[in-house]
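Visitor: Mind having a look at this structure? Questions to follow.
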Amino acid sequence: METPTDGGIARMQLSGLLLKQPFGPKNQSTKWTKRFFVLKDGYLLYYLDSDKKDFDRKQFIHLHPKGLLPMGGCSVEPAAESGHPFSIRIKSTEINVTAKQTL
């Protein structure tokens with residue numbers, strides 16, 4: 001994960017690539033997908049992994065993420081995922097998301 005060093009991105013706390021497992025009642029897939037995540041203003045936004053290249057080059061982020069998770073009221077805890085020692089689970093009464101850092 002990266003933090004902005006020059007203050008160019010207002011209120012962005014962290015960004016980086018993670019593998020995300022689908023969630024929600026309609027999506028029962030267990031396939032992990034690589035996504036570019038941005039933690040900003042109490043929200044965890046995620047984009048296609050290819051959007052990270054644009055972000056690195058242009059130093060701005062699209063206004064329309066692929067998904068958005070409000071972090072208010074969420075807990076973040078370690079998750080046991082075989083072969084992925086840096087896994088986290090984000091839990092709330094509304095969502096249950098598992099992600100792991102890409103190396």
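Each chain in the structure tokens gets a letter, A, B, ..., in the order shown, and its residues are numbered from 1; ligands are numbered from 1 in order too.
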Near Pro65 of chain A, within 12 Å and counting only C-alpha atoms, which residues show up once chain neighbours fewer than 6 positions away are dropped, as a PDB file with N, CA, C and O atoms, in the first residue's frame?
Guide:
ATOM      1  N   ARG A  35      -7.678  -5.777  -7.843  1.00  0.00           N
ATOM      2  CA  ARG A  35      -8.300  -4.452  -7.910  1.00  0.00           C
ATOM      3  C   ARG A  35      -7.336  -3.404  -7.336  1.00  0.00           C
ATOM      4  O   ARG A  35      -6.537  -3.701  -6.450  1.00  0.00           O
ATOM      5  N   PHE A  36      -7.473  -2.189  -7.830  1.00  0.00           N
ATOM      6  CA  PHE A  36      -6.738  -1.042  -7.294  1.00  0.00           C
ATOM      7  C   PHE A  36      -7.657  -0.387  -6.274  1.00  0.00           C
ATOM      8  O   PHE A  36      -8.771   0.023  -6.595  1.00  0.00           O
ATOM      9  N   PHE A  37      -7.205  -0.322  -5.017  1.00  0.00           N
ATOM     10  CA  PHE A  37      -8.009   0.220  -3.923  1.00  0.00           C
ATOM     11  C   PHE A  37      -7.491   1.578  -3.487  1.00  0.00           C
ATOM     12  O   PHE A  37      -6.289   1.821  -3.487  1.00  0.00           O
ATOM     13  N   VAL A  38      -8.420   2.442  -3.084  1.00  0.00           N
ATOM     14  CA  VAL A  38      -8.098   3.755  -2.533  1.00  0.00           C
ATOM     15  C   VAL A  38      -8.938   3.947  -1.278  1.00  0.00           C
ATOM     16  O   VAL A  38     -10.155   3.763  -1.309  1.00  0.00           O
ATOM     17  N   LEU A  39      -8.282   4.269  -0.167  1.00  0.00           N
ATOM     18  CA  LEU A  39      -8.980   4.597   1.068  1.00  0.00           C
ATOM     19  C   LEU A  39      -9.013   6.118   1.161  1.00  0.00           C
ATOM     20  O   LEU A  39      -7.968   6.772   1.211  1.00  0.00           O
ATOM     21  N   TYR A  43     -14.178   6.014   2.951  1.00  0.00           N
ATOM     22  CA  TYR A  43     -14.670   5.055   1.981  1.00  0.00           C
ATOM     23  C   TYR A  43     -13.511   4.274   1.395  1.00  0.00           C
ATOM     24  O   TYR A  43     -12.427   4.806   1.182  1.00  0.00           O
ATOM     25  N   LEU A  44     -13.741   3.010   1.118  1.00  0.00           N
ATOM     26  CA  LEU A  44     -12.785   2.184   0.408  1.00  0.00           C
ATOM     27  C   LEU A  44     -13.335   2.021  -1.003  1.00  0.00           C
ATOM     28  O   LEU A  44     -14.353   1.371  -1.214  1.00  0.00           O
ATOM     29  N   LEU A  45     -12.674   2.694  -1.958  1.00  0.00           N
ATOM     30  CA  LEU A  45     -13.098   2.647  -3.346  1.00  0.00           C
ATOM     31  C   LEU A  45     -12.233   1.646  -4.081  1.00  0.00           C
ATOM     32  O   LEU A  45     -11.050   1.532  -3.784  1.00  0.00           O
ATOM     33  N   TYR A  46     -12.802   0.928  -5.037  1.00  0.00           N
ATOM     34  CA  TYR A  46     -11.966   0.030  -5.819  1.00  0.00           C
ATOM     35  C   TYR A  46     -12.257   0.178  -7.303  1.00  0.00           C
ATOM     36  O   TYR A  46     -13.354   0.508  -7.724  1.00  0.00           O
ATOM     37  N   TYR A  47     -11.181  -0.041  -8.063  1.00  0.00           N
ATOM     38  CA  TYR A  47     -11.157   0.170  -9.507  1.00  0.00           C
ATOM     39  C   TYR A  47     -10.531  -1.055 -10.158  1.00  0.00           C
ATOM     40  O   TYR A  47      -9.939  -1.901  -9.491  1.00  0.00           O
ATOM     41  N   LEU A  48     -10.603  -1.137 -11.476  1.00  0.00           N
ATOM     42  CA  LEU A  48      -9.872  -2.171 -12.194  1.00  0.00           C
ATOM     43  C   LEU A  48      -8.390  -2.008 -11.901  1.00  0.00           C
ATOM     44  O   LEU A  48      -7.917  -0.878 -11.694  1.00  0.00           O
ATOM     45  N   ASP A  49      -7.641  -3.106 -11.883  1.00  0.00           N
ATOM     46  CA  ASP A  49      -6.207  -2.993 -11.594  1.00  0.00           C
ATOM     47  C   ASP A  49      -5.489  -2.146 -12.632  1.00  0.00           C
ATOM     48  O   ASP A  49      -4.502  -1.495 -12.344  1.00  0.00           O
ATOM     49  N   ASP A  51      -6.449   0.632 -13.784  1.00  0.00           N
ATOM     50  CA  ASP A  51      -6.594   2.040 -13.428  1.00  0.00           C
ATOM     51  C   ASP A  51      -5.420   2.541 -12.584  1.00  0.00           C
ATOM     52  O   ASP A  51      -5.170   3.738 -12.520  1.00  0.00           O
ATOM     53  N   LYS A  52      -4.678   1.633 -11.942  1.00  0.00           N
ATOM     54  CA  LYS A  52      -3.508   2.040 -11.156  1.00  0.00           C
ATOM     55  C   LYS A  52      -2.448   2.667 -12.057  1.00  0.00           C
ATOM     56  O   LYS A  52      -1.800   3.639 -11.673  1.00  0.00           O
TER      57      LYS A  52
END
Visitor: Please indicate the distance in Å from atom CA of Thr33 of chain A to atom CA of Lys20 of chain A, rounded to one decimal place.
Guide: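 These atoms are spaced 5.3 Å apart.
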Visitor: Work out how far atom CA of Lys40 of chain A is from atom CA of Ile61 of chain A, in Å to one decimal.
Guide: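 Calculated distance between atom CA of Ile61 of chain A and atom CA of Lys40 of chain A is 11.0 Å.
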Visitor: Just the residues within 12 Å of Gly72 of chain A, please, counting only C-alpha atoms, with nothing from its chain fewer than 6 positions along; format it as a short mmCIF file (atom, residue, chain, number, x, y, z; two decimals) with N, CA and C atoms, in the first residue's frame.
Guide:
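result-v1.cif written:
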data_model
loop_
_atom_site.label_atom_id
_atom_site.label_comp_id
_atom_site.auth_asym_id
_atom_site.auth_seq_id
_atom_site.Cartn_x
_atom_site.Cartn_y
_atom_site.Cartn_z
N LYS A 40 -10.23 6.70 1.12
CA LYS A 40 -10.36 8.15 1.06
C LYS A 40 -11.66 8.58 1.73
N ASP A 41 -11.57 9.54 2.63
CA ASP A 41 -12.75 10.15 3.26
C ASP A 41 -13.70 9.13 3.86
N GLY A 42 -13.18 8.07 4.49
CA GLY A 42 -14.03 7.08 5.14
C GLY A 42 -14.64 6.06 4.20
N TYR A 43 -14.18 6.01 2.95
CA TYR A 43 -14.67 5.05 1.98
C TYR A 43 -13.51 4.27 1.39
N LEU A 44 -13.74 3.01 1.12
CA LEU A 44 -12.78 2.18 0.41
C LEU A 44 -13.34 2.02 -1.00
N ILE A 90 -13.15 -7.35 6.07
CA ILE A 90 -13.88 -6.15 6.46
C ILE A 90 -15.30 -6.59 6.76
N LYS A 91 -15.75 -6.31 7.99
CA LYS A 91 -17.08 -6.76 8.41
C LYS A 91 -17.93 -5.58 8.86
N SER A 92 -19.19 -5.68 8.54
CA SER A 92 -20.20 -4.76 9.08
C SER A 92 -21.51 -5.53 9.07
N THR A 93 -22.56 -4.89 9.52
CA THR A 93 -23.86 -5.56 9.50
C THR A 93 -24.37 -5.70 8.07
N GLU A 94 -23.81 -4.91 7.13
CA GLU A 94 -24.30 -4.93 5.76
C GLU A 94 -23.40 -5.70 4.80
N ILE A 95 -22.09 -5.79 5.10
CA ILE A 95 -21.17 -6.42 4.15
C ILE A 95 -20.20 -7.34 4.88
#
Visitor: What does the distance from atom CA of Leu18 of chain A to atom CA of Lys34 of chain A come to in Å, to one decimal?
Guide: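 A separation of 5.7 Å between them.
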Visitor: As a list of chain:residue names, please: every residue in segment 34-98 of chain A that a backbone DSSP assignment puts in helix (DSSP H, G or I).
Guide: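 Listing helix (DSSP H, G or I) positions across segment 34-98 of chain A yields A:Asp51, A:Lys52, A:Lys53, A:Asp54, A:Phe55, A:Asp56, A:Arg57, A:Lys58.
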Visitor: Could you save those same residues with C-alpha atoms as an mmCIF file, in the first residue's frame?
Guide:
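Printed below is selection19.cif as written:
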data_model
loop_
_atom_site.group_PDB
_atom_site.id
_atom_site.type_symbol
_atom_site.label_atom_id
_atom_site.label_comp_id
_atom_site.auth_asym_id
_atom_site.auth_seq_id
_atom_site.Cartn_x
_atom_site.Cartn_y
_atom_site.Cartn_z
ATOM 1 C CA ASP A 51 -6.594 2.040 -13.428
ATOM 2 C CA LYS A 52 -3.508 2.040 -11.156
ATOM 3 C CA LYS A 53 -1.311 2.726 -14.202
ATOM 4 C CA ASP A 54 -3.403 5.793 -15.049
ATOM 5 C CA PHE A 55 -3.257 6.928 -11.432
ATOM 6 C CA ASP A 56 0.537 6.527 -11.276
ATOM 7 C CA ARG A 57 0.987 8.413 -14.534
ATOM 8 C CA LYS A 58 -1.598 11.208 -14.134
#
Visitor: Would you please work out which residue, of A:His64, A:Arg89, A:Pro22, A:Ser15, is nearest to Val76 of chain A when using only C-alpha atoms?
Guide: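 Selected residue with least distance to Val76 of chain A: A:Arg89.
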